[in-house]
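> Next comes target-v5.tsv, TSV, C-alpha atoms and all ligand atoms:
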chain	number	residue	atom	x	y	z
L	1	MET	CA	5.73	2.54	-24.45
L	2	ARG	CA	6.24	3.41	-20.78
L	3	THR	CA	3.66	6.21	-20.98
L	4	ASN	CA	1.16	3.88	-22.52
L	5	ARG	CA	1.66	1.29	-19.83
L	6	ALA	CA	1.49	3.89	-17.06
L	7	GLU	CA	-1.60	5.51	-18.56
L	8	LYS	CA	-3.39	2.16	-18.78
L	9	LYS	CA	-2.60	1.42	-15.17
L	10	ARG	CA	-3.70	4.88	-14.01
L	11	ALA	CA	-6.97	4.48	-15.89
L	12	ALA	CA	-7.46	1.06	-14.26
L	13	LEU	CA	-6.83	2.53	-10.81
L	14	ARG	CA	-9.27	5.38	-11.42
L	15	GLU	CA	-11.91	2.99	-12.81
L	16	GLY	CA	-11.43	0.71	-9.83
L	17	LEU	CA	-11.99	3.56	-7.40
L	18	GLU	CA	-15.30	4.33	-9.16
L	19	ALA	CA	-16.40	0.72	-9.74
L	20	GLU	CA	-19.65	-0.72	-8.48
L	21	ARG	CA	-17.87	-3.55	-6.72
L	22	PRO	CA	-15.01	-3.75	-4.21
L	23	PHE	CA	-11.62	-2.94	-5.77
L	24	VAL	CA	-9.14	-5.08	-3.87
L	25	ALA	CA	-5.40	-4.44	-3.60
L	26	VAL	CA	-2.88	-6.69	-1.84
L	27	GLY	CA	0.39	-5.42	-0.37
L	28	ALA	CA	3.64	-6.41	-2.06
L	29	HIS	CA	7.14	-6.16	-0.67
L	30	ASP	CA	9.08	-7.16	-3.78
L	31	ALA	CA	8.75	-8.12	-7.44
L	32	MET	CA	7.73	-11.75	-6.82
L	33	SER	CA	5.02	-10.94	-4.29
L	34	SER	CA	3.72	-8.40	-6.82
L	35	GLN	CA	3.68	-10.97	-9.65
L	36	LEU	CA	1.87	-13.51	-7.48
L	37	ILE	CA	-0.79	-10.98	-6.45
L	38	GLY	CA	-1.55	-10.55	-10.16
L	39	SER	CA	-1.72	-14.31	-10.70
L	40	TYR	CA	-4.36	-14.69	-8.02
L	41	GLY	CA	-6.82	-12.32	-9.64
L	42	PHE	CA	-6.65	-9.27	-7.40
L	43	ASP	CA	-7.31	-5.81	-8.79
L	44	ALA	CA	-4.28	-3.79	-7.73
L	45	VAL	CA	-0.97	-3.92	-5.88
L	46	TRP	CA	-0.21	-1.83	-2.80
L	47	VAL	CA	3.47	-1.08	-2.21
L	48	SER	CA	3.46	-1.49	1.55
L	49	GLY	CA	5.96	0.76	3.32
L	50	PHE	CA	5.79	-1.56	6.31
L	51	ALA	CA	6.46	-4.66	4.19
L	52	VAL	CA	9.29	-3.08	2.18
L	53	ALA	CA	10.99	-1.81	5.36
L	54	THR	CA	10.64	-5.30	6.85
L	55	MET	CA	11.62	-7.47	3.89
L	56	ALA	CA	14.06	-5.33	1.93
L	57	HIS	CA	15.80	-3.71	4.90
L	58	ALA	CA	14.87	-5.59	8.12
L	59	LEU	CA	14.03	-2.19	9.59
L	60	PRO	CA	11.02	-0.92	11.54
L	61	ASP	CA	8.39	1.22	9.81
L	62	LEU	CA	9.67	4.55	11.22
L	63	ASN	CA	10.53	6.59	8.11
L	64	LEU	CA	13.92	4.90	7.99
L	65	THR	CA	13.37	3.96	4.34
L	66	THR	CA	14.31	6.87	2.10
L	67	MET	CA	12.21	8.05	-0.82
L	68	THR	CA	14.82	6.66	-3.21
L	69	GLU	CA	14.69	3.22	-1.58
L	70	ALA	CA	10.89	3.24	-1.49
L	71	LEU	CA	10.73	4.30	-5.15
L	72	GLU	CA	13.21	1.61	-6.20
L	73	ALA	CA	11.03	-0.98	-4.49
L	74	ALA	CA	7.90	0.47	-6.13
L	75	VAL	CA	9.52	0.35	-9.59
L	76	ARG	CA	10.46	-3.33	-9.18
L	77	ILE	CA	6.98	-4.12	-7.88
L	78	ASP	CA	5.38	-2.20	-10.77
L	79	GLY	CA	7.59	-3.95	-13.31
L	80	ALA	CA	6.41	-7.38	-12.19
L	81	THR	CA	2.68	-6.83	-12.66
L	82	ASP	CA	0.18	-5.54	-15.17
L	83	LEU	CA	-2.03	-4.41	-12.28
L	84	PRO	CA	-2.14	-0.78	-11.25
L	85	VAL	CA	0.20	-0.01	-8.38
L	86	LEU	CA	-0.65	2.32	-5.52
L	87	ALA	CA	2.51	3.20	-3.62
L	88	ASP	CA	2.50	3.86	0.10
L	89	CYS	CA	4.66	6.98	0.42
L	90	ASP	CA	4.35	7.31	4.19
L	91	ASN	CA	4.18	11.04	5.00
L	92	GLY	CA	5.81	12.03	1.72
L	93	PHE	CA	9.22	11.53	3.37
L	94	GLY	CA	9.36	15.01	4.94
L	95	GLY	CA	7.71	18.38	4.41
L	96	LEU	CA	5.85	20.05	1.55
L	97	SER	CA	8.75	19.98	-0.90
L	98	ASN	CA	9.32	16.29	-0.18
L	99	VAL	CA	5.66	15.57	-1.00
L	100	VAL	CA	6.05	17.51	-4.26
L	101	ARG	CA	9.23	15.64	-5.17
L	102	THR	CA	7.56	12.33	-4.30
L	103	VAL	CA	4.75	13.04	-6.75
L	104	ILE	CA	7.17	14.09	-9.49
L	105	GLU	CA	9.47	11.09	-9.09
L	106	TYR	CA	6.74	8.45	-8.75
L	107	GLU	CA	4.77	9.83	-11.67
L	108	ARG	CA	7.87	9.94	-13.89
L	109	ALA	CA	8.67	6.37	-12.89
L	110	GLY	CA	5.29	5.25	-14.26
L	111	ILE	CA	3.59	4.39	-10.95
L	112	ALA	CA	-0.23	4.73	-11.07
L	113	GLY	CA	-0.64	6.56	-7.79
L	114	VAL	CA	0.71	7.48	-4.39
L	115	CYS	CA	-0.76	7.52	-0.91
L	116	VAL	CA	0.46	10.18	1.52
L	117	GLU	CA	-0.50	10.22	5.21
L	118	ASP	CA	-0.66	13.07	7.74
L	119	ASN	CA	1.82	11.59	10.21
L	120	LEU	CA	4.61	13.86	11.38
L	121	PHE	CA	8.16	13.00	10.28
L	122	PRO	CA	9.52	10.65	11.57
L	123	LYS	CA	6.40	8.50	11.49
L	124	ARG	CA	5.48	5.40	13.45
L	125	ASN	CA	3.59	2.51	11.87
L	126	SER	CA	-0.12	2.93	12.63
L	127	LEU	CA	-0.49	-0.58	14.04
L	128	TYR	CA	2.13	-0.18	16.78
L	129	LYS	CA	0.73	-0.57	20.27
L	130	GLY	CA	0.94	2.26	22.80
L	131	GLU	CA	0.57	4.96	20.18
L	132	SER	CA	-3.01	5.94	20.94
L	133	LYS	CA	-2.64	9.75	21.21
L	134	ARG	CA	-0.21	11.68	19.06
L	135	GLU	CA	0.13	14.87	17.07
L	136	LEU	CA	-0.34	14.93	13.32
L	137	VAL	CA	0.67	17.42	10.64
L	138	PRO	CA	-1.81	20.32	11.19
L	139	VAL	CA	-4.79	19.94	8.89
L	140	GLU	CA	-4.20	23.22	6.96
L	141	GLU	CA	-0.56	22.30	6.39
L	142	GLN	CA	-1.43	18.80	5.17
L	143	ALA	CA	-4.04	20.28	2.81
L	144	ARG	CA	-1.37	22.68	1.51
L	145	ARG	CA	0.99	19.74	0.89
L	146	ILE	CA	-1.74	17.82	-0.97
L	147	ARG	CA	-2.60	20.86	-3.10
L	148	ALA	CA	1.10	21.33	-3.94
L	149	GLY	CA	1.47	17.62	-4.75
L	150	LYS	CA	-1.57	17.66	-7.04
L	151	ALA	CA	-0.29	20.80	-8.78
L	152	ALA	CA	3.05	19.09	-9.44
L	153	GLN	CA	1.71	16.09	-11.35
L	154	GLU	CA	2.13	16.19	-15.13
L	155	THR	CA	-0.74	13.94	-16.14
L	156	ASP	CA	-4.35	14.32	-15.07
L	157	SER	CA	-4.57	10.61	-14.49
L	158	PHE	CA	-1.94	10.16	-11.76
L	159	VAL	CA	-3.77	9.28	-8.53
L	160	PHE	CA	-3.13	10.97	-5.18
L	161	VAL	CA	-4.69	9.21	-2.18
L	162	ALA	CA	-4.70	11.24	1.04
L	163	ARG	CA	-4.56	9.15	4.20
L	164	VAL	CA	-6.22	10.36	7.38
L	165	GLU	CA	-4.60	9.16	10.61
L	166	ALA	CA	-6.93	11.09	12.95
L	167	LEU	CA	-8.66	7.96	14.28
L	168	ILE	CA	-5.36	6.13	14.78
L	169	ALA	CA	-3.88	9.19	16.53
L	170	GLY	CA	-6.81	9.45	18.95
L	171	HIS	CA	-8.31	12.69	17.58
L	172	GLY	CA	-11.80	11.25	17.12
L	173	VAL	CA	-14.41	11.11	14.40
L	174	GLU	CA	-15.06	14.87	14.09
L	175	ALA	CA	-11.38	15.62	13.47
L	176	ALA	CA	-11.22	12.73	10.99
L	177	CYS	CA	-14.16	14.17	9.04
L	178	GLU	CA	-12.59	17.64	9.07
L	179	ARG	CA	-9.34	16.26	7.69
L	180	ALA	CA	-11.08	14.12	5.05
L	181	ASP	CA	-13.03	17.20	3.88
L	182	ALA	CA	-9.92	19.38	3.79
L	183	TYR	CA	-7.92	16.78	1.84
L	184	ALA	CA	-10.73	16.19	-0.66
L	185	ASP	CA	-11.06	19.98	-1.13
L	186	ALA	CA	-7.30	20.15	-1.72
L	187	GLY	CA	-7.71	17.78	-4.67
L	188	ALA	CA	-7.08	14.31	-3.26
L	189	ASP	CA	-8.52	11.67	-5.60
L	190	ALA	CA	-9.45	9.37	-2.73
L	191	ILE	CA	-9.34	9.32	1.07
L	192	LEU	CA	-7.84	6.46	3.05
L	193	ILE	CA	-9.33	6.44	6.54
L	194	HIS	CA	-7.22	4.26	8.81
L	195	SER	CA	-8.35	2.79	12.14
L	196	LYS	CA	-7.27	0.10	14.54
L	197	ASP	CA	-10.63	-0.13	16.28
L	198	LYS	CA	-11.49	-3.82	15.97
L	199	SER	CA	-15.19	-3.19	16.71
L	200	LEU	CA	-15.42	-0.94	13.64
L	201	GLY	CA	-17.20	1.60	15.90
L	202	GLU	CA	-14.86	4.45	14.89
L	203	ILE	CA	-15.17	3.63	11.20
L	204	GLU	CA	-18.97	3.39	11.47
L	205	GLY	CA	-18.94	6.79	13.24
L	206	PHE	CA	-16.87	8.26	10.41
L	207	LEU	CA	-19.06	6.71	7.71
L	208	GLY	CA	-22.17	8.02	9.49
L	209	SER	CA	-20.96	11.61	9.66
L	210	TRP	CA	-18.59	12.26	6.75
L	211	GLY	CA	-20.30	14.46	4.16
L	212	GLY	CA	-17.88	13.36	1.42
L	213	LEU	CA	-19.19	9.79	1.34
L	214	GLY	CA	-20.30	8.94	-2.19
L	215	LYS	CA	-18.44	11.96	-3.63
L	216	THR	CA	-14.78	11.07	-2.97
L	217	PRO	CA	-13.78	7.38	-3.07
L	218	LEU	CA	-12.88	5.91	0.30
L	219	VAL	CA	-10.13	3.36	0.97
L	220	ALA	CA	-9.94	0.84	3.85
L	221	VAL	CA	-6.99	-1.10	5.32
L	222	PRO	CA	-8.75	-3.78	7.39
L	223	THR	CA	-5.66	-5.31	9.03
L	224	LEU	CA	-7.19	-4.94	12.49
L	225	PHE	CA	-10.80	-5.57	11.50
L	226	PRO	CA	-10.08	-8.59	9.32
L	227	ASP	CA	-13.41	-10.38	9.68
L	228	TYR	CA	-15.25	-8.20	7.17
L	229	THR	CA	-15.28	-9.37	3.57
L	230	ASP	CA	-14.37	-6.94	0.83
L	231	GLN	CA	-18.04	-6.92	-0.20
L	232	GLU	CA	-19.16	-6.05	3.34
L	233	LEU	CA	-16.69	-3.16	3.46
L	234	TYR	CA	-17.84	-2.02	0.02
L	235	ASP	CA	-21.46	-2.10	1.18
L	236	LYS	CA	-20.49	0.15	4.10
L	237	GLY	CA	-19.08	2.75	1.70
L	238	PHE	CA	-15.50	1.75	0.87
L	239	SER	CA	-14.45	1.65	-2.78
L	240	MET	CA	-10.99	0.16	-2.37
L	241	ILE	CA	-9.89	-2.43	0.17
L	242	ILE	CA	-6.16	-2.88	0.82
L	243	LEU	CA	-4.96	-6.19	2.32
L	244	ALA	CA	-1.73	-4.48	3.19
L	245	ASN	CA	0.81	-6.89	4.58
L	246	HIS	CA	-0.37	-10.48	4.21
L	247	PRO	CA	2.21	-11.78	1.68
L	248	MET	CA	5.01	-10.32	3.85
L	249	ARG	CA	3.65	-12.01	6.97
L	250	ALA	CA	3.14	-15.25	5.05
L	251	ALA	CA	6.75	-15.16	3.86
L	252	VAL	CA	8.16	-14.49	7.33
L	253	GLY	CA	5.99	-17.23	8.87
L	254	ALA	CA	6.97	-19.74	6.19
L	255	MET	CA	10.69	-18.95	6.46
L	256	GLU	CA	10.60	-19.27	10.24
L	257	GLN	CA	8.89	-22.67	10.04
L	258	VAL	CA	11.28	-24.00	7.42
L	259	LEU	CA	14.36	-22.77	9.26
L	260	ASP	CA	13.11	-24.27	12.50
L	261	THR	CA	12.56	-27.65	10.81
L	262	LEU	CA	16.00	-27.56	9.16
L	263	ARG	CA	17.61	-26.77	12.49
L	264	ARG	CA	15.88	-29.73	14.13
L	265	GLU	CA	16.08	-32.31	11.33
L	266	ARG	CA	19.54	-31.41	9.96
L	267	LYS	CA	18.70	-32.47	6.37
L	268	ALA	CA	17.26	-30.61	3.42
L	269	SER	CA	14.54	-33.10	2.54
L	270	ALA	CA	12.79	-32.48	5.87
L	271	VAL	CA	11.30	-29.29	4.47
L	272	ASP	CA	10.63	-30.46	0.91
L	273	PRO	CA	6.89	-30.92	1.47
L	274	HIS	CA	6.64	-27.35	2.75
L	275	ILE	CA	8.57	-25.39	0.14
L	276	ALA	CA	8.04	-24.55	-3.53
L	277	PRO	CA	9.85	-27.00	-5.88
L	278	VAL	CA	12.71	-25.41	-7.80
L	279	ASP	CA	10.90	-26.18	-11.08
L	280	HIS	CA	8.01	-24.06	-9.91
L	281	ILE	CA	10.38	-21.18	-9.20
L	282	PHE	CA	12.01	-21.58	-12.64
L	283	GLU	CA	8.56	-21.49	-14.21
L	284	LEU	CA	7.42	-18.42	-12.26
L	285	VAL	CA	10.28	-16.33	-13.57
L	286	GLY	CA	10.03	-17.49	-17.21
L	287	THR	CA	13.28	-19.44	-17.29
L	288	LYS	CA	12.32	-21.76	-20.18
L	289	GLU	CA	11.26	-18.82	-22.35
L	290	ALA	CA	14.46	-16.88	-21.60
L	291	ILE	CA	16.66	-19.84	-22.48
L	292	ALA	CA	14.66	-20.55	-25.65
L	293	LEU	CA	15.18	-16.92	-26.69
L	294	GLU	CA	18.92	-17.14	-26.05
L	295	GLU	CA	19.13	-20.32	-28.10
L	296	SER	CA	16.81	-19.25	-30.91
L	297	GLY	CA	19.64	-17.62	-32.80
L	298	GLY	CA	17.27	-14.77	-33.68
Z	301	LIG	C1	1.61	-0.27	5.05
Z	301	LIG	O1	1.30	-1.37	4.58
Z	301	LIG	O2	2.78	0.14	5.09
Z	301	LIG	C2	0.58	0.62	5.61
Z	301	LIG	C3	-0.64	0.05	6.17
Z	301	LIG	O3	0.81	1.80	5.65
Z	301	LIG	S1	-0.40	-0.05	7.90
Z	301	LIG	O4	0.73	-0.91	8.17
Z	301	LIG	O5	-1.64	-0.58	8.45
Z	301	LIG	O6	-0.16	1.30	8.42
Z	302	MG	MG	2.78	2.29	5.48
Would you give me this structure, written as structure tokens?


Amino acid sequence: MRTNRAEKKRAALREGLEAERPFVAVGAHDAMSSQLIGSYGFDAVWVSGFAVATMAHALPDLNLTTMTEALEAAVRIDGATDLPVLADCDNGFGGLSNVVRTVIEYERAGIAGVCVEDNLFPKRNSLYKGESKRELVPVEEQARRIRAGKAAQETDSFVFVARVEALIAGHGVEAACERADAYADAGADAILIHSKDKSLGEIEGFLGSWGGLGKTPLVAVPTLFPDYTDQELYDKGFSMIILANHPMRAAVGAMEQVLDTLRRERKASAVDPHIAPVDHIFELVGTKEAIALEESGG
């Protein structure tokens, strides 16, 4: 049963990466955000390390979440959706053996794929300001980790996305291309090229010079270049677009507004127009069906 479900999701993720249209994932931080992403017609769910650290732990995105905690979150997120789930596994939570264990554990848990980045342990979230120049895991070592991770997977279908942080870390386009080549040669199923250059100049430079374009699927996280549609990013050469943290930021913004109103108005009804009715929540989680089953006597 589980294998079947996992295999279907892995096939959907692989098909999406090869599709002739943008394959769009949205970042989840818990089971309900995952379920809602499915209800709104997206193609996949991204388990955002940033969003899980924020929402499940109220911690910064600095490798403070352990692999076990990240995997538990991924399993809950996967359980709440029929969409394929790509799990952000930061830098694989350590060195080469941690990357290998990450692949083994996530694959066994039925997750469709993992994404592993070349940030040193402990990592810093790529969007943090003042982090323009920093060291990364040396390219040969990261390629070795990817090769070891790929060798550890039991099924051919499990997806390993290798994330290149060279642009974020200030190493430039040439280094980014070298890393993308090395990771694709090591067996990565797709390359995520991350950038915080709002002008898209860095990304355009990468797209203009990377020889792997069209051979290995490319993944974008347009948090800091949010004005491009998924179709525009697809037309530039990206297969998969990840809207990484928007449900988490929506939830925080909504909670802050509601709490502020409650503090000012001192009565519950003041926020009623701004919050989901309890009946809607009951419906979302299948309450009527669960009670009917309990009472069916069957
Ligand atoms: C995440 O969502 O955790 C990501 C994307 O890794 S980013 O925050 O842009 O690094
Ligand atoms: Mg992350």

> Give me, please, the distance in Å between CA of Ala169 in chain L and atom O5 of ligand LIG 301 (chain Z), quoted to one decimal.

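It comes out at 12.9 Å.
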
> Neighbours of ligand MG 302 (chain Z) within 10 Å, counting only C-alpha atoms and all ligand atoms, as a ChimeraX atom specification?

/L:27,46-53,61-63,87-91,115-117,123-127,244-245

> Using all atoms listed in the file, which of L:Leu218, L:Ile146, L:Ile242, L:Ala80 sits nearest ligand LIG 301 (chain Z)?

L:Ile242

> Which protein, DNA or RNA residues are at most 6 Å from (-15.0, 4.3, -3.6) in the file's coordinates when you count all atoms listed in the file, listed as a PyMOL selection string?

chain L and resi 17-18+217-218+238-240

> Nearest to ligand LIG 301 (chain Z) among L:Ile104, L:Ala109, L:Leu224, L:Leu259, with distances taken over all atoms listed in the file: which residue is it?

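Between L:Ile104, L:Ala109, L:Leu224, L:Leu259, the residue approaching ligand LIG 301 (chain Z) most closely is L:Leu224.
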
> Using all atoms listed in the file, which of the listed residues (L:Thr287, L:Thr54, L:Thr102, L:Gln257) sits closest to ligand LIG 301 (chain Z)?

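The answer is L:Thr54, which sits nearest to ligand LIG 301 (chain Z).
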
> Need the shell around Ile191 in chain L: protein/DNA/RNA residues with any atom at most 8 Å away, counting all atoms listed in the file. Skip same-chain ones fewer than 6 positions apart. Format as a count of residues only?

11

> Between L:Glu72, L:Asp30, L:Asp260, L:Glu165, single out the one closest to Lys196 in chain L, counting only C-alpha atoms.

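Using only C-alpha atoms, Lys196 in chain L sits closest to L:Glu165.
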
> So which one's closest to ligand LIG 301 (chain Z), L:Tyr106, L:Phe282, L:Tyr128, L:Phe206? Using all atoms listed in the file, please.

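Looking only at the distances to ligand LIG 301 (chain Z), the closest residue turns out to be L:Tyr128.
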
> Hey, which of L:Arg108, L:Arg14, L:Arg134, L:Arg249 ends up closest to ligand LIG 301 (chain Z)? Count all atoms listed in the file.

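So, comparing all the options, the nearest one is L:Arg249.
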
> How far is it from CA of Ala188 in chain L to CA of Ala11 in chain L, in Å with one decimal?

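Result for CA of Ala188 in chain L versus CA of Ala11 in chain L: 16.0 Å, one decimal.
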
> Mind pulling up the distance from CA of Ile193 in chain L to CA of Leu213 in chain L?

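A separation of 11.6 Å between them.
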
> List as a ChimeraX atom specification the protein and nucleic acid residues near Ile37 in chain L, meaning an atom at most 9 Å away when all atoms listed in the file are counted, but skip any in the same chain fewer than 2 places from it.

/L:25-28,32-35,39-45,81,83,247

> Taking all atoms of ligand LIG 301 (chain Z) that the file lists, what box with edges along x, y and z, padded by 8 Å per side, do you get, with centre and edge lengths in Å to one decimal, as JSON?


{"center_x": 0.6, "center_y": 0.2, "center_z": 6.5, "size_x": 20.4, "size_y": 19.2, "size_z": 19.9}
